[in-house]
Amino acid sequence: MTVFSGTGVRVIGLISGTSIDGIDVAAAELRAEGDTVVLSPLGQLEVPYPEALREALLAALPPNPCDAEQLTKLDTLVGQAFAEAAARGVEELAGGDAHVVASLGQTVFHWVEDGTARGTLQVGNPAWIAERTGLPVVADLRVRDVAAGGHGAPLASTLDALWLREMAASGPVAALNIGGIANITVVPSHGDVLAYDTGPGNALMDIAAHRVTGLRADIDGALALRGDVRPDLLAKLLLDPYYAAAPPKSTGKELFHGTYLDAVLDGLPPIGAEDLLATLTELTAVTIAAECRRHSIATVIVSGGGADNPALMAALARNLPATALKTSDDHGLPRAGKEAYLTILLGWLTWSGVPGNLPSATGARGDRLLGSITPGAGPLRLPAPHSSTVTRLRVAAKTGER
């Protein structure tokens, strides 16, 4: 049994990222110590989607059509999958004892027009989670920030700003998450935190790898490592206006999809699979590195699936020779579970009556309480709102093993 000092709230966090590989689940106990949130990780796991559900989700993404019937079925089926994942989290990670579940759901569309976020949709109805676990569920965490003029992303900026502020005292630090889309949080020595999507992370690489191998990704960057970057293709890819747009900004697979890749390849000489993967890997590295140089970043802390791709990490190191590259594991948060721990933090903030967005990062008009709460099996009893301003996050080491 893990022993914690003080009184904490035990939270289960759930998210499925833009790569749509499965559901990341984490558990943690959080408590407040003045202006500091102490997060004690209990563990994390990944629950793969059933293959039929994953294929249905991919088929519903733009530019493919998706009707109301299909969307309703996906909202239900993803909700049920999240519910089973939450139940596993309660039993396997939290020892059968949790207070609340937080869910960021599965994004299926992020509506951006002329650089302004107009709306965002995550499926995975929280009622299924509440019914399965009997716990209250904090969900739909993005849309309030969008309603307040923000992008609803990257919400990782909330965790990163609290977590890395002290580290940034010796020089600007960036937290980089590489999922289907790559996003960066810039934590300066002084001033406002900035965060935004830099462009495709694994999205275009995964599409190309699937076409060639039938697998979901370029496993261990094997194809990319054998290929050479095609300058003509890279130059054409870098012409996309997204890269020149000023932050705050956000994007997704509604832009970087298979039809997009086909349009870029059209008119160029044929390109082999290995060179294609090498070039798409370089695109991700070059666009991330450009943003790190823009902010004179001294240290980059990487998380997400891209951190496990040797070809991508080597390309990042080559493009950022003067920058220290580390992973979130080096600072107490497993890189594979960081977004699930982010979800836990966001859920705890809402549960505790504390705003969960970072306006300097998302572009919202001000601080907002995020999400909606679905009651569990009993009456909904919220704690008294936390009275101190939260300015720090400390990740505590486990004091024992469950």
# chains A, B, ... in the order shown; residues from 1 in each chain; ligands from 1
$ residues_around --residues "Leu382 of chain A" --least-positions-apart "6" --cutoff "10 Å" --atoms "only C-alpha atoms" --output "PyMOL selection string"
chain A and resi 136+350-353
$ write_last_selection --atoms "N, CA and C atoms" --output "PDB file, in the first residue's frame"
ATOM      1  N   PRO A 136     -17.849  10.266 -10.041  1.00  0.00           N
ATOM      2  CA  PRO A 136     -18.093  11.469 -10.847  1.00  0.00           C
ATOM      3  C   PRO A 136     -16.993  11.633 -11.885  1.00  0.00           C
ATOM      4  N   THR A 350     -10.443  21.532 -11.781  1.00  0.00           N
ATOM      5  CA  THR A 350     -11.887  21.782 -11.864  1.00  0.00           C
ATOM      6  C   THR A 350     -12.591  21.308 -10.600  1.00  0.00           C
ATOM      7  N   TRP A 351     -12.250  20.114 -10.138  1.00  0.00           N
ATOM      8  CA  TRP A 351     -12.857  19.552  -8.934  1.00  0.00           C
ATOM      9  C   TRP A 351     -12.619  20.459  -7.725  1.00  0.00           C
ATOM     10  N   SER A 352     -11.481  21.154  -7.719  1.00  0.00           N
ATOM     11  CA  SER A 352     -11.110  22.010  -6.593  1.00  0.00           C
ATOM     12  C   SER A 352     -11.502  23.461  -6.790  1.00  0.00           C
ATOM     13  N   GLY A 353     -12.209  23.760  -7.887  1.00  0.00           N
ATOM     14  CA  GLY A 353     -12.670  25.120  -8.123  1.00  0.00           C
ATOM     15  C   GLY A 353     -11.594  26.065  -8.599  1.00  0.00           C
TER      16      GLY A 353
END
$ residues_around --residues "Ser40 of chain A" --least-positions-apart "2" --cutoff "10 Å" --atoms "only C-alpha atoms" --output "PyMOL selection string"
chain A and resi 2+4+8+10+27-31+37-38+42-43+332-333+394-399
$ select_by_dssp --residues "segment 33-151 of chain A" --states "strand (DSSP E)" --output "number ranges by chain"
A: 33, 36-48, 100-113, 116-123, 137-139
$ closest_residue --among "A:Thr279, A:Gln122, A:Thr18, A:Ser170" --to "Asn183 of chain A" --atoms "only C-alpha atoms"
A:Thr18
$ residues_around --residues "His331 of chain A" --least-positions-apart "2" --cutoff "10 Å" --atoms "only C-alpha atoms" --output "MDAnalysis selection string"
chainID A and resid 163:164 301 326:329 333:335 394:395
$ write_last_selection --atoms "N, CA and C atoms" --output "PDB file, in the first residue's frame"
ATOM      1  N   TRP A 163       4.872  23.022 -13.598  1.00  0.00           N
ATOM      2  CA  TRP A 163       5.896  22.000 -13.361  1.00  0.00           C
ATOM      3  C   TRP A 163       7.311  22.515 -13.608  1.00  0.00           C
ATOM      4  N   LEU A 164       7.477  23.383 -14.627  1.00  0.00           N
ATOM      5  CA  LEU A 164       8.815  23.734 -15.095  1.00  0.00           C
ATOM      6  C   LEU A 164       9.260  25.137 -14.712  1.00  0.00           C
ATOM      7  N   ILE A 301      12.216  19.226 -23.019  1.00  0.00           N
ATOM      8  CA  ILE A 301      11.799  18.010 -22.321  1.00  0.00           C
ATOM      9  C   ILE A 301      10.720  17.343 -23.167  1.00  0.00           C
ATOM     10  N   LYS A 326      16.021  16.218 -23.220  1.00  0.00           N
ATOM     11  CA  LYS A 326      15.724  15.280 -22.144  1.00  0.00           C
ATOM     12  C   LYS A 326      14.309  14.750 -22.358  1.00  0.00           C
ATOM     13  N   THR A 327      13.901  13.764 -21.567  1.00  0.00           N
ATOM     14  CA  THR A 327      12.518  13.295 -21.602  1.00  0.00           C
ATOM     15  C   THR A 327      11.855  13.600 -20.266  1.00  0.00           C
ATOM     16  N   SER A 328      10.533  13.567 -20.257  1.00  0.00           N
ATOM     17  CA  SER A 328       9.807  13.858 -19.018  1.00  0.00           C
ATOM     18  C   SER A 328      10.102  12.816 -17.939  1.00  0.00           C
ATOM     19  N   ASP A 329      10.543  11.614 -18.348  1.00  0.00           N
ATOM     20  CA  ASP A 329      10.923  10.593 -17.364  1.00  0.00           C
ATOM     21  C   ASP A 329      12.034  11.104 -16.447  1.00  0.00           C
ATOM     22  N   LEU A 333       7.812  12.235 -14.613  1.00  0.00           N
ATOM     23  CA  LEU A 333       6.573  11.896 -15.314  1.00  0.00           C
ATOM     24  C   LEU A 333       6.899  11.007 -16.507  1.00  0.00           C
ATOM     25  N   PRO A 334       6.437   9.755 -16.499  1.00  0.00           N
ATOM     26  CA  PRO A 334       6.715   8.857 -17.626  1.00  0.00           C
ATOM     27  C   PRO A 334       6.204   9.458 -18.931  1.00  0.00           C
ATOM     28  N   ARG A 335       7.058   9.460 -19.951  1.00  0.00           N
ATOM     29  CA  ARG A 335       6.703  10.141 -21.193  1.00  0.00           C
ATOM     30  C   ARG A 335       5.476   9.527 -21.853  1.00  0.00           C
ATOM     31  N   ARG A 394       4.575  20.021  -8.002  1.00  0.00           N
ATOM     32  CA  ARG A 394       5.688  19.165  -7.617  1.00  0.00           C
ATOM     33  C   ARG A 394       5.281  17.719  -7.817  1.00  0.00           C
ATOM     34  N   VAL A 395       6.097  16.988  -8.560  1.00  0.00           N
ATOM     35  CA  VAL A 395       5.860  15.562  -8.767  1.00  0.00           C
ATOM     36  C   VAL A 395       6.593  14.821  -7.668  1.00  0.00           C
TER      37      VAL A 395
END
$ atom_distance --atom1 "atom CA of Leu53 of chain A" --atom2 "atom CA of Leu77 of chain A"
7.5 Å
$ residues_around --residues "Ala130 of chain A" --least-positions-apart "2" --cutoff "10 Å" --atoms "only C-alpha atoms" --output "ChimeraX atom specification"
/A:79,83,86-87,100-101,125-128,132-138,373-377
$ write_last_selection --atoms "all heavy atoms" --output "short mmCIF file (atom, residue, chain, number, x, y, z; two decimals), in the first residue's frame"
data_model
loop_
_atom_site.label_atom_id
_atom_site.label_comp_id
_atom_site.auth_asym_id
_atom_site.auth_seq_id
_atom_site.Cartn_x
_atom_site.Cartn_y
_atom_site.Cartn_z
N GLY A 79 -17.10 6.05 -25.47
CA GLY A 79 -17.47 6.19 -24.07
C GLY A 79 -17.40 4.87 -23.32
O GLY A 79 -16.91 4.80 -22.18
N ALA A 83 -14.88 3.83 -20.42
CA ALA A 83 -15.42 3.34 -19.15
C ALA A 83 -14.67 2.09 -18.68
O ALA A 83 -14.34 1.97 -17.49
CB ALA A 83 -16.91 3.05 -19.31
N ALA A 86 -11.25 3.12 -17.53
CA ALA A 86 -11.31 3.76 -16.21
C ALA A 86 -11.45 2.72 -15.11
O ALA A 86 -10.81 2.82 -14.05
CB ALA A 86 -12.48 4.74 -16.16
N ALA A 87 -12.28 1.72 -15.35
CA ALA A 87 -12.44 0.66 -14.34
C ALA A 87 -11.13 -0.07 -14.09
O ALA A 87 -10.79 -0.39 -12.95
CB ALA A 87 -13.53 -0.31 -14.80
N VAL A 100 -12.48 10.47 -8.24
CA VAL A 100 -13.03 11.13 -9.42
C VAL A 100 -12.24 10.67 -10.64
O VAL A 100 -11.07 10.28 -10.54
CB VAL A 100 -12.98 12.67 -9.26
CG1 VAL A 100 -11.54 13.16 -9.13
CG2 VAL A 100 -13.69 13.40 -10.39
N VAL A 101 -12.92 10.70 -11.81
CA VAL A 101 -12.28 10.39 -13.08
C VAL A 101 -12.25 11.66 -13.91
O VAL A 101 -13.22 12.43 -13.93
CB VAL A 101 -13.05 9.29 -13.85
CG1 VAL A 101 -12.41 9.02 -15.21
CG2 VAL A 101 -13.12 8.01 -13.03
N ASN A 125 -18.67 9.76 -24.44
CA ASN A 125 -19.60 10.36 -23.48
C ASN A 125 -19.30 9.93 -22.05
O ASN A 125 -19.20 8.73 -21.75
CB ASN A 125 -21.04 10.00 -23.85
CG ASN A 125 -22.02 10.89 -23.14
OD1 ASN A 125 -22.16 10.83 -21.93
ND2 ASN A 125 -22.69 11.75 -23.91
N PRO A 126 -19.13 10.89 -21.13
CA PRO A 126 -18.73 10.56 -19.76
C PRO A 126 -19.78 9.80 -18.97
O PRO A 126 -19.45 9.20 -17.94
CB PRO A 126 -18.45 11.93 -19.13
CG PRO A 126 -19.24 12.90 -19.95
CD PRO A 126 -19.22 12.36 -21.34
N ALA A 127 -21.05 9.79 -19.41
CA ALA A 127 -22.07 9.05 -18.68
C ALA A 127 -21.71 7.56 -18.60
O ALA A 127 -22.00 6.90 -17.58
CB ALA A 127 -23.43 9.22 -19.35
N TRP A 128 -21.09 7.02 -19.63
CA TRP A 128 -20.71 5.60 -19.61
C TRP A 128 -19.63 5.35 -18.55
O TRP A 128 -19.64 4.30 -17.88
CB TRP A 128 -20.19 5.17 -20.99
CG TRP A 128 -21.26 5.23 -22.03
CD1 TRP A 128 -21.45 6.21 -22.97
CD2 TRP A 128 -22.32 4.28 -22.23
NE1 TRP A 128 -22.56 5.92 -23.74
CE2 TRP A 128 -23.09 4.76 -23.31
CE3 TRP A 128 -22.67 3.08 -21.61
CZ2 TRP A 128 -24.21 4.06 -23.78
CZ3 TRP A 128 -23.78 2.38 -22.09
CH2 TRP A 128 -24.53 2.89 -23.15
N ARG A 132 -20.19 3.00 -15.24
CA ARG A 132 -19.33 1.82 -15.05
C ARG A 132 -18.58 1.87 -13.72
O ARG A 132 -18.42 0.85 -13.04
CB ARG A 132 -18.35 1.72 -16.22
CG ARG A 132 -17.34 0.57 -16.12
CD ARG A 132 -18.03 -0.78 -16.24
NE ARG A 132 -17.04 -1.86 -16.22
CZ ARG A 132 -16.53 -2.41 -15.12
NH1 ARG A 132 -16.91 -1.96 -13.91
NH2 ARG A 132 -15.65 -3.39 -15.20
N THR A 133 -18.09 3.05 -13.35
CA THR A 133 -17.23 3.15 -12.17
C THR A 133 -17.96 3.62 -10.92
O THR A 133 -17.48 3.43 -9.80
CB THR A 133 -16.08 4.13 -12.43
OG1 THR A 133 -16.62 5.45 -12.65
CG2 THR A 133 -15.25 3.70 -13.63
N GLY A 134 -19.13 4.27 -11.10
CA GLY A 134 -19.83 4.87 -9.97
C GLY A 134 -19.19 6.16 -9.49
O GLY A 134 -19.63 6.75 -8.48
N LEU A 135 -18.18 6.66 -10.21
CA LEU A 135 -17.46 7.87 -9.81
C LEU A 135 -17.90 9.07 -10.63
O LEU A 135 -18.28 8.93 -11.80
CB LEU A 135 -15.96 7.67 -10.00
CG LEU A 135 -15.31 6.55 -9.18
CD1 LEU A 135 -13.85 6.39 -9.59
CD2 LEU A 135 -15.42 6.84 -7.69
N PRO A 136 -17.85 10.27 -10.04
CA PRO A 136 -18.09 11.47 -10.85
C PRO A 136 -16.99 11.63 -11.89
O PRO A 136 -15.85 11.21 -11.67
CB PRO A 136 -18.07 12.61 -9.82
CG PRO A 136 -17.31 12.07 -8.67
CD PRO A 136 -17.54 10.59 -8.64
N VAL A 137 -17.35 12.25 -13.01
CA VAL A 137 -16.43 12.38 -14.13
C VAL A 137 -16.34 13.84 -14.56
O VAL A 137 -17.36 14.49 -14.83
CB VAL A 137 -16.89 11.52 -15.33
CG1 VAL A 137 -15.88 11.62 -16.47
CG2 VAL A 137 -17.08 10.07 -14.91
N VAL A 138 -15.12 14.35 -14.62
CA VAL A 138 -14.87 15.69 -15.17
C VAL A 138 -14.46 15.48 -16.62
O VAL A 138 -13.48 14.79 -16.91
CB VAL A 138 -13.77 16.42 -14.40
CG1 VAL A 138 -13.58 17.83 -14.97
CG2 VAL A 138 -14.08 16.50 -12.92
N ILE A 373 -19.17 18.30 -15.17
CA ILE A 373 -19.07 17.21 -14.21
C ILE A 373 -20.31 16.34 -14.30
O ILE A 373 -21.45 16.84 -14.18
CB ILE A 373 -18.88 17.72 -12.78
CG1 ILE A 373 -17.60 18.57 -12.69
CG2 ILE A 373 -18.81 16.56 -11.80
CD1 ILE A 373 -17.38 19.21 -11.33
N THR A 374 -20.12 15.06 -14.55
CA THR A 374 -21.20 14.09 -14.55
C THR A 374 -21.20 13.37 -13.21
O THR A 374 -20.19 12.79 -12.83
CB THR A 374 -21.01 13.06 -15.69
OG1 THR A 374 -20.97 13.75 -16.94
CG2 THR A 374 -22.13 12.04 -15.70
N PRO A 375 -22.30 13.41 -12.46
CA PRO A 375 -22.32 12.76 -11.14
C PRO A 375 -22.11 11.25 -11.25
O PRO A 375 -22.40 10.63 -12.27
CB PRO A 375 -23.72 13.08 -10.60
CG PRO A 375 -24.17 14.28 -11.38
CD PRO A 375 -23.56 14.13 -12.74
N GLY A 376 -21.59 10.67 -10.16
CA GLY A 376 -21.41 9.23 -10.09
C GLY A 376 -22.63 8.56 -9.52
O GLY A 376 -23.77 9.00 -9.74
N ALA A 377 -22.42 7.51 -8.75
CA ALA A 377 -23.55 6.73 -8.24
C ALA A 377 -24.32 7.46 -7.15
O ALA A 377 -25.51 7.19 -6.94
CB ALA A 377 -23.03 5.39 -7.70
#
$ decode --residues "segment 128-146 of chain A" --atoms "N, CA and C atoms" --output "mmCIF file, in the first residue's frame"
data_model
loop_
_atom_site.group_PDB
_atom_site.id
_atom_site.type_symbol
_atom_site.label_atom_id
_atom_site.label_comp_id
_atom_site.auth_asym_id
_atom_site.auth_seq_id
_atom_site.Cartn_x
_atom_site.Cartn_y
_atom_site.Cartn_z
ATOM 1 N N TRP A 128 -21.088 7.016 -19.635
ATOM 2 C CA TRP A 128 -20.707 5.603 -19.611
ATOM 3 C C TRP A 128 -19.634 5.347 -18.547
ATOM 4 N N ILE A 129 -18.720 6.312 -18.387
ATOM 5 C CA ILE A 129 -17.663 6.167 -17.381
ATOM 6 C C ILE A 129 -18.259 6.222 -15.983
ATOM 7 N N ALA A 130 -19.168 7.182 -15.771
ATOM 8 C CA ALA A 130 -19.813 7.309 -14.464
ATOM 9 C C ALA A 130 -20.633 6.076 -14.129
ATOM 10 N N GLU A 131 -21.324 5.533 -15.115
ATOM 11 C CA GLU A 131 -22.159 4.351 -14.884
ATOM 12 C C GLU A 131 -21.302 3.130 -14.558
ATOM 13 N N ARG A 132 -20.188 2.998 -15.242
ATOM 14 C CA ARG A 132 -19.332 1.817 -15.048
ATOM 15 C C ARG A 132 -18.575 1.869 -13.725
ATOM 16 N N THR A 133 -18.090 3.049 -13.355
ATOM 17 C CA THR A 133 -17.232 3.148 -12.170
ATOM 18 C C THR A 133 -17.964 3.620 -10.925
ATOM 19 N N GLY A 134 -19.130 4.268 -11.104
ATOM 20 C CA GLY A 134 -19.829 4.872 -9.972
ATOM 21 C C GLY A 134 -19.191 6.162 -9.486
ATOM 22 N N LEU A 135 -18.181 6.657 -10.211
ATOM 23 C CA LEU A 135 -17.464 7.869 -9.808
ATOM 24 C C LEU A 135 -17.903 9.073 -10.632
ATOM 25 N N PRO A 136 -17.849 10.266 -10.041
ATOM 26 C CA PRO A 136 -18.093 11.469 -10.847
ATOM 27 C C PRO A 136 -16.993 11.633 -11.885
ATOM 28 N N VAL A 137 -17.353 12.252 -13.007
ATOM 29 C CA VAL A 137 -16.432 12.379 -14.129
ATOM 30 C C VAL A 137 -16.342 13.839 -14.556
ATOM 31 N N VAL A 138 -15.124 14.355 -14.616
ATOM 32 C CA VAL A 138 -14.874 15.687 -15.171
ATOM 33 C C VAL A 138 -14.456 15.484 -16.625
ATOM 34 N N ALA A 139 -15.213 16.054 -17.553
ATOM 35 C CA ALA A 139 -14.958 15.822 -18.977
ATOM 36 C C ALA A 139 -15.236 17.092 -19.771
ATOM 37 N N ASP A 140 -15.107 16.990 -21.093
ATOM 38 C CA ASP A 140 -15.365 18.108 -22.008
ATOM 39 C C ASP A 140 -14.537 19.326 -21.594
ATOM 40 N N LEU A 141 -13.240 19.104 -21.438
ATOM 41 C CA LEU A 141 -12.372 20.092 -20.806
ATOM 42 C C LEU A 141 -11.872 21.183 -21.748
ATOM 43 N N ARG A 142 -12.059 21.040 -23.046
ATOM 44 C CA ARG A 142 -11.505 22.016 -23.976
ATOM 45 C C ARG A 142 -12.451 23.159 -24.343
ATOM 46 N N VAL A 143 -13.739 22.874 -24.423
ATOM 47 C CA VAL A 143 -14.631 23.792 -25.130
ATOM 48 C C VAL A 143 -14.837 25.109 -24.387
ATOM 49 N N ARG A 144 -14.729 25.138 -23.050
ATOM 50 C CA ARG A 144 -14.921 26.404 -22.344
ATOM 51 C C ARG A 144 -13.831 27.406 -22.725
ATOM 52 N N ASP A 145 -12.607 26.913 -22.888
ATOM 53 C CA ASP A 145 -11.534 27.803 -23.323
ATOM 54 C C ASP A 145 -11.810 28.334 -24.725
ATOM 55 N N VAL A 146 -12.328 27.492 -25.615
ATOM 56 C CA VAL A 146 -12.681 27.938 -26.961
ATOM 57 C C VAL A 146 -13.790 28.983 -26.903
#
